[in-house]
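Asker: See entry-v2.tsv below, with TSV, C-alpha atoms.
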```tsv
chain	number	residue	atom	x	y	z
J	48	MET	CA	113.15	120.28	61.45
J	49	SER	CA	114.61	117.62	63.73
J	50	GLU	CA	117.29	115.38	62.26
J	51	LEU	CA	115.46	112.56	64.02
J	52	ASN	CA	112.43	112.87	61.71
J	53	ASN	CA	113.75	110.11	59.46
J	54	THR	CA	114.31	107.78	62.40
J	55	PRO	CA	111.73	105.85	64.41
J	56	VAL	CA	112.71	107.69	67.63
J	57	ALA	CA	109.81	110.16	67.53
J	58	ALA	CA	107.33	107.41	66.70
J	59	LEU	CA	108.71	105.19	69.44
J	60	LEU	CA	108.40	108.00	72.01
J	61	GLU	CA	104.83	108.61	70.96
J	62	LEU	CA	104.13	104.88	71.06
J	63	ALA	CA	105.55	104.57	74.57
J	64	ALA	CA	103.45	107.50	75.78
J	65	CYS	CA	100.30	106.00	74.26
J	66	GLN	CA	101.04	102.57	75.73
J	67	LEU	CA	101.32	104.09	79.18
J	68	GLU	CA	98.03	105.92	78.70
J	69	VAL	CA	96.31	102.71	77.63
J	70	ALA	CA	97.77	100.86	80.63
J	71	VAL	CA	96.24	103.40	82.99
J	72	GLN	CA	92.88	103.62	81.25
J	73	THR	CA	92.30	99.88	80.91
J	74	THR	CA	92.75	99.29	84.61
J	75	GLU	CA	90.83	102.33	85.81
J	76	ALA	CA	87.35	100.76	85.77
J	77	GLN	CA	88.61	97.60	87.49
J	78	VAL	CA	90.36	99.55	90.18
J	79	ASP	CA	87.25	101.63	90.83
J	80	SER	CA	85.32	98.39	91.22
J	81	LEU	CA	87.96	97.02	93.58
J	82	ALA	CA	87.93	100.21	95.62
J	83	SER	CA	84.16	100.01	95.87
J	84	SER	CA	84.33	96.38	97.08
J	85	ILE	CA	86.90	97.21	99.71
J	86	GLY	CA	84.78	100.10	100.89
J	87	ALA	CA	81.78	97.80	101.16
J	88	LEU	CA	83.81	95.31	103.23
J	89	LEU	CA	84.82	98.05	105.63
J	90	THR	CA	81.23	99.18	105.99
J	91	LEU	CA	80.11	95.56	106.48
J	92	GLY	CA	82.67	95.06	109.21
J	93	ALA	CA	81.51	98.23	110.97
J	94	SER	CA	77.88	97.11	110.69
J	95	LEU	CA	78.67	93.69	112.13
J	96	ARG	CA	80.34	95.33	115.09
J	97	GLN	CA	77.28	97.47	115.74
J	98	VAL	CA	74.64	94.74	115.46
J	99	ASN	CA	76.67	92.01	117.18
J	100	GLY	CA	74.60	90.83	120.07
J	101	ALA	CA	71.65	89.92	117.88
J	102	ALA	CA	71.22	86.19	117.25
J	103	PRO	CA	73.07	84.55	115.67
J	104	PRO	CA	76.03	86.76	116.54
J	105	ALA	CA	79.08	86.81	114.31
J	106	PRO	CA	82.16	85.66	116.23
J	107	ALA	CA	84.10	88.70	117.42
J	108	ALA	CA	87.30	87.26	115.99
J	109	VAL	CA	85.68	86.95	112.55
J	110	VAL	CA	84.42	90.51	112.66
J	111	HIS	CA	87.84	91.73	113.76
J	112	GLU	CA	89.52	89.87	110.92
J	113	ILE	CA	87.09	91.24	108.32
J	114	VAL	CA	87.74	94.79	109.46
J	115	GLU	CA	91.51	94.29	109.65
J	116	ARG	CA	91.73	92.71	106.19
J	117	ALA	CA	89.52	95.41	104.69
J	118	GLN	CA	91.75	98.09	106.23
J	119	ASN	CA	94.90	96.41	104.92
J	120	ALA	CA	93.36	96.18	101.46
J	121	LEU	CA	92.37	99.83	101.63
J	122	VAL	CA	95.95	100.87	102.40
J	123	ALA	CA	97.27	98.66	99.57
J	124	MET	CA	94.72	100.13	97.13
J	125	GLN	CA	96.14	103.58	97.64
J	126	PHE	CA	99.38	102.54	95.98
J	127	HIS	CA	97.42	102.32	92.75
J	128	ASP	CA	96.86	106.05	93.03
J	129	GLN	CA	100.62	106.50	93.27
J	130	LEU	CA	101.18	104.16	90.32
J	131	VAL	CA	98.81	106.21	88.19
J	132	GLN	CA	100.68	109.38	89.09
J	133	ARG	CA	104.10	107.87	88.36
J	134	VAL	CA	102.96	106.44	85.02
J	135	ALA	CA	101.38	109.78	84.09
J	136	HIS	CA	104.65	111.56	84.83
J	137	VAL	CA	106.59	109.12	82.63
J	138	ARG	CA	104.04	109.57	79.87
J	139	ASP	CA	104.25	113.37	80.13
J	140	ALA	CA	108.05	113.25	80.08
J	141	LEU	CA	108.04	111.13	76.92
J	142	THR	CA	105.52	113.47	75.31
J	143	GLY	CA	107.61	116.49	76.28
J	144	LEU	CA	110.72	114.85	74.85
J	145	ASN	CA	108.93	113.98	71.63
J	146	ASP	CA	107.59	117.53	71.26
J	147	ALA	CA	111.03	119.00	71.89
J	148	LEU	CA	112.70	116.77	69.31
J	149	ALA	CA	109.96	117.41	66.77
J	150	SER	CA	110.33	121.18	67.06
J	151	ALA	CA	114.06	121.61	66.57
J	152	PRO	CA	117.35	119.79	66.00
J	153	ALA	CA	118.46	118.12	69.23
J	154	ALA	CA	121.44	120.48	69.52
J	155	ASP	CA	119.12	123.52	69.43
J	156	VAL	CA	116.59	122.32	72.02
J	157	ASP	CA	116.47	124.23	75.33
J	158	TRP	CA	117.07	121.09	77.35
J	159	ALA	CA	117.18	122.97	80.66
J	160	SER	CA	113.58	124.09	80.13
J	161	VAL	CA	112.45	120.66	78.97
J	162	LEU	CA	114.00	118.98	82.02
J	163	ALA	CA	112.68	121.65	84.40
J	164	GLY	CA	109.19	121.16	82.97
J	165	ILE	CA	109.40	117.42	83.53
J	166	ARG	CA	110.61	117.81	87.12
J	167	GLU	CA	107.96	120.41	87.91
J	168	ARG	CA	105.16	117.91	87.26
J	169	TYR	CA	106.35	115.46	89.92
J	170	SER	CA	104.08	115.10	92.95
J	171	MET	CA	106.30	112.93	95.16
J	172	GLU	CA	109.58	113.94	96.76
J	173	ASP	CA	111.25	110.65	95.89
J	174	GLU	CA	110.51	111.29	92.20
J	175	ARG	CA	112.33	114.62	92.42
J	176	MET	CA	115.26	113.09	94.27
J	177	GLN	CA	115.52	110.24	91.76
J	178	PHE	CA	115.39	112.73	88.90
J	179	ASP	CA	118.13	114.86	90.49
J	180	ARG	CA	120.35	111.84	90.98
J	181	ILE	CA	119.92	110.33	87.55
J	182	ILE	CA	119.72	113.31	85.19
J	183	GLY	CA	123.20	114.36	84.37
J	184	VAL	CA	124.87	111.00	85.09
J	185	ASP	CA	125.96	108.69	82.30
J	186	ALA	CA	125.28	105.40	84.01
J	187	CYS	CA	122.05	103.57	83.34
J	188	PRO	CA	119.69	104.25	86.27
J	189	ALA	CA	119.28	101.42	88.74
J	190	VAL	CA	116.24	100.56	90.79
J	191	ALA	CA	118.43	101.22	93.83
J	192	SER	CA	118.31	104.94	92.99
J	193	HIS	CA	114.77	105.00	94.38
J	194	ASP	CA	114.98	106.84	97.68
J	195	ALA	CA	113.84	104.37	100.33
J	196	THR	CA	113.96	106.99	103.12
J	197	HIS	CA	110.83	108.62	101.79
J	198	ASP	CA	109.04	105.29	102.10
J	199	SER	CA	109.14	105.81	105.87
J	200	LEU	CA	107.29	109.14	105.51
J	201	ARG	CA	104.30	107.48	103.85
J	202	GLY	CA	101.35	107.33	106.22
J	203	SER	CA	102.82	110.02	108.52
J	204	VAL	CA	100.52	112.57	110.14
J	205	ASP	CA	101.59	116.11	111.15
J	206	LEU	CA	99.18	118.40	112.99
J	207	PHE	CA	100.21	122.06	112.86
W	113	MET	CA	73.28	114.71	113.64
W	114	ALA	CA	76.29	113.16	111.91
W	115	ARG	CA	79.31	115.38	111.35
W	116	MET	CA	79.77	116.20	107.67
W	117	ILE	CA	83.16	115.89	106.04
W	118	MET	CA	84.16	116.94	102.53
W	119	THR	CA	86.74	114.79	100.75
W	120	VAL	CA	88.53	116.39	97.79
W	121	ASP	CA	90.67	114.38	95.36
W	122	ASP	CA	90.84	114.03	91.59
W	123	SER	CA	91.25	110.25	92.03
W	124	THR	CA	87.88	108.48	92.22
W	125	SER	CA	89.37	105.46	93.99
W	126	MET	CA	91.03	107.67	96.62
W	127	ARG	CA	87.74	109.44	97.31
W	128	GLN	CA	86.06	106.03	97.65
W	129	MET	CA	88.68	104.90	100.17
W	130	VAL	CA	88.34	108.03	102.27
W	131	LYS	CA	84.56	107.97	102.05
W	132	ALA	CA	84.35	104.30	103.09
W	133	THR	CA	86.62	104.97	106.07
W	134	LEU	CA	84.63	107.99	107.20
W	135	GLN	CA	81.22	106.39	106.69
W	136	SER	CA	82.30	103.28	108.62
W	137	ALA	CA	82.77	105.59	111.61
W	138	GLY	CA	79.40	107.30	111.15
W	139	TYR	CA	80.48	110.50	109.41
W	140	GLY	CA	78.48	112.01	106.57
W	141	VAL	CA	80.57	112.59	103.42
W	142	VAL	CA	80.41	114.89	100.42
W	143	GLU	CA	82.89	114.58	97.58
W	144	ALA	CA	84.60	117.00	95.23
W	145	ALA	CA	86.92	116.11	92.34
W	146	ASP	CA	89.11	119.21	92.54
W	147	GLY	CA	89.71	122.39	94.50
W	148	GLN	CA	87.38	124.57	92.47
W	149	GLU	CA	84.47	122.17	92.86
W	150	ALA	CA	85.15	122.03	96.59
W	151	LEU	CA	85.30	125.80	96.90
W	152	ASP	CA	82.08	126.24	94.93
W	153	TYR	CA	80.36	123.80	97.32
W	154	ALA	CA	81.86	125.44	100.41
W	155	ARG	CA	80.59	128.88	99.40
W	156	GLU	CA	77.03	127.56	99.69
W	157	ASN	CA	77.37	124.86	102.36
W	158	ALA	CA	79.17	124.41	105.66
W	159	VAL	CA	80.94	121.17	106.56
W	160	ASP	CA	82.68	120.18	109.78
W	161	LEU	CA	86.01	119.24	108.24
W	162	VAL	CA	87.72	119.12	104.86
W	163	ILE	CA	90.24	116.49	103.72
W	164	THR	CA	91.92	117.48	100.48
W	165	ASP	CA	94.61	116.24	98.12
W	166	VAL	CA	97.28	118.71	97.03
W	167	ASN	CA	97.93	118.04	93.34
W	168	MET	CA	94.65	118.48	91.49
W	169	PRO	CA	93.54	120.14	88.26
W	170	HIS	CA	91.75	123.54	88.21
W	171	MET	CA	92.72	124.36	91.82
W	172	ASP	CA	95.32	122.62	93.98
W	173	GLY	CA	94.76	121.74	97.61
W	174	ILE	CA	96.97	124.42	99.13
W	175	THR	CA	95.19	127.14	97.17
W	176	LEU	CA	91.88	125.59	98.28
W	177	VAL	CA	92.95	125.81	101.92
W	178	SER	CA	93.89	129.44	101.47
W	179	GLU	CA	90.55	130.24	99.78
W	180	LEU	CA	88.54	128.40	102.44
W	181	ARG	CA	90.28	130.29	105.24
W	182	ALA	CA	89.07	133.52	103.60
W	183	LEU	CA	85.44	132.37	104.00
W	184	PRO	CA	83.90	133.43	107.36
W	185	THR	CA	82.25	130.03	107.83
W	186	TYR	CA	85.54	128.17	107.31
W	187	ARG	CA	87.83	130.34	109.42
W	188	LEU	CA	88.07	127.70	112.15
W	189	THR	CA	87.10	124.54	110.25
W	190	PRO	CA	89.77	121.80	110.43
W	191	LEU	CA	91.39	121.50	107.00
W	192	LEU	CA	93.60	118.45	106.45
W	193	LEU	CA	95.85	117.85	103.45
W	194	LEU	CA	96.08	114.19	102.36
W	195	THR	CA	98.78	113.87	99.72
W	196	THR	CA	101.70	111.97	98.22
W	197	GLU	CA	103.84	115.06	98.84
W	198	SER	CA	106.23	114.59	101.76
W	199	SER	CA	108.72	117.45	101.35
W	200	MET	CA	109.15	119.86	104.25
W	201	GLU	CA	108.88	122.76	101.81
W	202	LYS	CA	105.41	121.70	100.67
W	203	LYS	CA	104.31	121.04	104.25
W	204	MET	CA	105.32	124.55	105.26
W	205	GLU	CA	103.38	125.91	102.28
W	206	GLY	CA	100.34	124.09	103.56
W	207	LYS	CA	100.84	125.31	107.10
W	208	LYS	CA	101.27	128.89	105.89
W	209	ALA	CA	98.05	128.63	103.87
W	210	GLY	CA	96.19	127.71	107.03
W	211	ALA	CA	96.03	123.92	106.98
W	212	THR	CA	95.35	122.11	110.25
W	213	GLY	CA	97.47	119.11	109.37
W	214	TRP	CA	99.33	117.13	106.74
W	215	ILE	CA	98.89	113.40	106.08
W	216	VAL	CA	101.16	111.56	103.63
W	217	LYS	CA	99.46	108.86	101.57
W	218	PRO	CA	98.76	106.02	101.98
W	219	PHE	CA	96.63	106.74	105.04
W	220	ASN	CA	95.86	104.15	107.68
W	221	PRO	CA	92.09	104.14	108.34
W	222	THR	CA	92.46	103.77	112.12
W	223	GLN	CA	95.03	106.55	112.24
W	224	LEU	CA	92.93	108.83	110.05
W	225	LEU	CA	89.88	108.39	112.27
W	226	ALA	CA	91.99	109.07	115.37
W	227	THR	CA	93.31	112.26	113.74
W	228	LEU	CA	89.78	113.42	112.94
W	229	ALA	CA	88.72	112.79	116.53
W	230	ARG	CA	91.60	114.98	117.71
W	231	VAL	CA	90.84	117.95	115.49
W	232	LEU	CA	87.03	117.93	115.56
```
Output the structure of this file as structure tokens.
Answerer:
Amino acid sequence: MSELNNTPVAALLELAACQLEVAVQTTEAQVDSLASSIGALLTLGASLRQVNGAAPPAPAAVVHEIVERAQNALVAMQFHDQLVQRVAHVRDALTGLNDALASAPAADVDWASVLAGIRERYSMEDERMQFDRIIGVDACPAVASHDATHDSLRGSVDLF
Amino acid sequence: MARMIMTVDDSTSMRQMVKATLQSAGYGVVEAADGQEALDYARENAVDLVITDVNMPHMDGITLVSELRALPTYRLTPLLLLTTESSMEKKMEGKKAGATGWIVKPFNPTQLLATLARVL
């Protein structure tokens, strides 16, 4: 039995994991609604382009701006998908940590397996790089450890 | 007749974004929430192009690409991976499985449509 059982650590880990889950779930419906609205704007802009010429015509500049703003919003919306993934990975890591500490004394836990399991779930290269940099160092992780170079790869297209 | 594209992603909002972009350009769209659902659909129906995420439950996108390439009707169909993954290692996995291309999220609608025009 873990020596942490008489401390609030296990409960706090579980609480943190649950809070993250709630954060994701409570925004999901709103985000779906937002995504739907953005999609409708894009379709509207495309329709206006096609029917322009009928009276009264929508000014070309207005149509262009609608389409451009809808496209910008669509790109921005996709970062929510990344947020959900990042939050899910944090939640899973906390759950994994809690399970490990609940199953054995901290000194007896196979930490290499626990850490490998956490890293394996990551779906973005900058998550893995941040993990590799921070795990094993004593200093408190800084926001600057986020790898900005992978930001430049977002949106890239490679045809094989 | 409009070209038909299948979009595969376990994120509903991502599928909505891809679908809205494709439909705004006149493409027909079918959706699947994971690789297995997409494969089940593909076994019975042909589409002109598949855009799939990589990390999904039940069947990931790279496995889906590999399975689709084994189907006679999908041997030459353009298969694009649309994913948060940007590592060269993963890209090479996708290429080896038979993917036509690799797009790192977030996608730009104009760029996505231009890519589709190139591969279709």
Asker: Taking only C-alpha atoms into account, report as a CSV table (one decimal) with C-alpha atoms, keeping the file's coordinate frame which residues of chain J lie within 6 Å of chain W.
Answerer:
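After the write, out_20.csv holds the following:
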```csv
chain,number,residue,atom,x,y,z
J,79,ASP,CA,87.2,101.6,90.8
J,82,ALA,CA,87.9,100.2,95.6
J,86,GLY,CA,84.8,100.1,100.9
J,90,THR,CA,81.2,99.2,106.0
J,93,ALA,CA,81.5,98.2,111.0
J,122,VAL,CA,96.0,100.9,102.4
J,125,GLN,CA,96.1,103.6,97.6
J,170,SER,CA,104.1,115.1,93.0
J,171,MET,CA,106.3,112.9,95.2
J,172,GLU,CA,109.6,113.9,96.8
J,201,ARG,CA,104.3,107.5,103.8
J,202,GLY,CA,101.4,107.3,106.2
J,203,SER,CA,102.8,110.0,108.5
J,204,VAL,CA,100.5,112.6,110.1
J,205,ASP,CA,101.6,116.1,111.2
J,206,LEU,CA,99.2,118.4,113.0
J,207,PHE,CA,100.2,122.1,112.9
```
Asker: At a cut-off of 12 Å, using only C-alpha atoms, what residues contact Leu151 (chain W)? Leave out same-chain residues fewer than 4 positions from it and give the result as a short mmCIF file (atom, residue, chain, number, x, y, z; two decimals) with C-alpha atoms, in the frame of the given file.
Answerer:
```
data_model
loop_
_atom_site.label_atom_id
_atom_site.label_comp_id
_atom_site.auth_asym_id
_atom_site.auth_seq_id
_atom_site.Cartn_x
_atom_site.Cartn_y
_atom_site.Cartn_z
CA MET W 118 84.16 116.94 102.53
CA THR W 119 86.74 114.79 100.75
CA VAL W 120 88.53 116.39 97.79
CA GLU W 143 82.89 114.58 97.58
CA ALA W 144 84.60 117.00 95.23
CA ALA W 145 86.92 116.11 92.34
CA ASP W 146 89.11 119.21 92.54
CA GLY W 147 89.71 122.39 94.50
CA ARG W 155 80.59 128.88 99.40
CA GLU W 156 77.03 127.56 99.69
CA ASN W 157 77.37 124.86 102.36
CA ALA W 158 79.17 124.41 105.66
CA VAL W 159 80.94 121.17 106.56
CA VAL W 162 87.72 119.12 104.86
CA THR W 164 91.92 117.48 100.48
CA HIS W 170 91.75 123.54 88.21
CA MET W 171 92.72 124.36 91.82
CA ASP W 172 95.32 122.62 93.98
CA GLY W 173 94.76 121.74 97.61
CA ILE W 174 96.97 124.42 99.13
CA THR W 175 95.19 127.14 97.17
CA LEU W 176 91.88 125.59 98.28
CA VAL W 177 92.95 125.81 101.92
CA SER W 178 93.89 129.44 101.47
CA GLU W 179 90.55 130.24 99.78
CA LEU W 180 88.54 128.40 102.44
CA ARG W 181 90.28 130.29 105.24
CA ALA W 182 89.07 133.52 103.60
CA LEU W 183 85.44 132.37 104.00
CA TYR W 186 85.54 128.17 107.31
#
```
Asker: Give me the residues near Arg133 (chain J) as a ChimeraX atom specification, where near means some atom within 10 Å (using all atoms listed in the file) and where sequence neighbours in that chain fewer than 5 positions away do not count.
Answerer: /J:127-128,138-139,169-171,174
Asker: When you count only C-alpha atoms, which of these residues is closest to Val78 (chain J): J:Ala135, J:Met124, J:Asp179, J:Leu130?
Answerer: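 Using only C-alpha atoms, Val78 (chain J) sits closest to J:Met124.
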Asker: Any idea what the distance is between CA of Ala209 (chain W) and CA of Glu167 (chain J)?
Answerer: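 Distance reported for this atom pair: 20.5 Å.
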Asker: Any idea what the distance is between CA of Leu89 (chain J) and CA of Gln118 (chain J)?
Answerer: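 Between CA of Leu89 (chain J) and CA of Gln118 (chain J) the gap works out to 7.0 Å.
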Asker: As an exercise, work out the distance from CA of Leu162 (chain J) to CA of Leu141 (chain J) in Å and give it to one decimal place.
Answerer: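 Rounded to one decimal, the two atoms are 11.1 Å apart.
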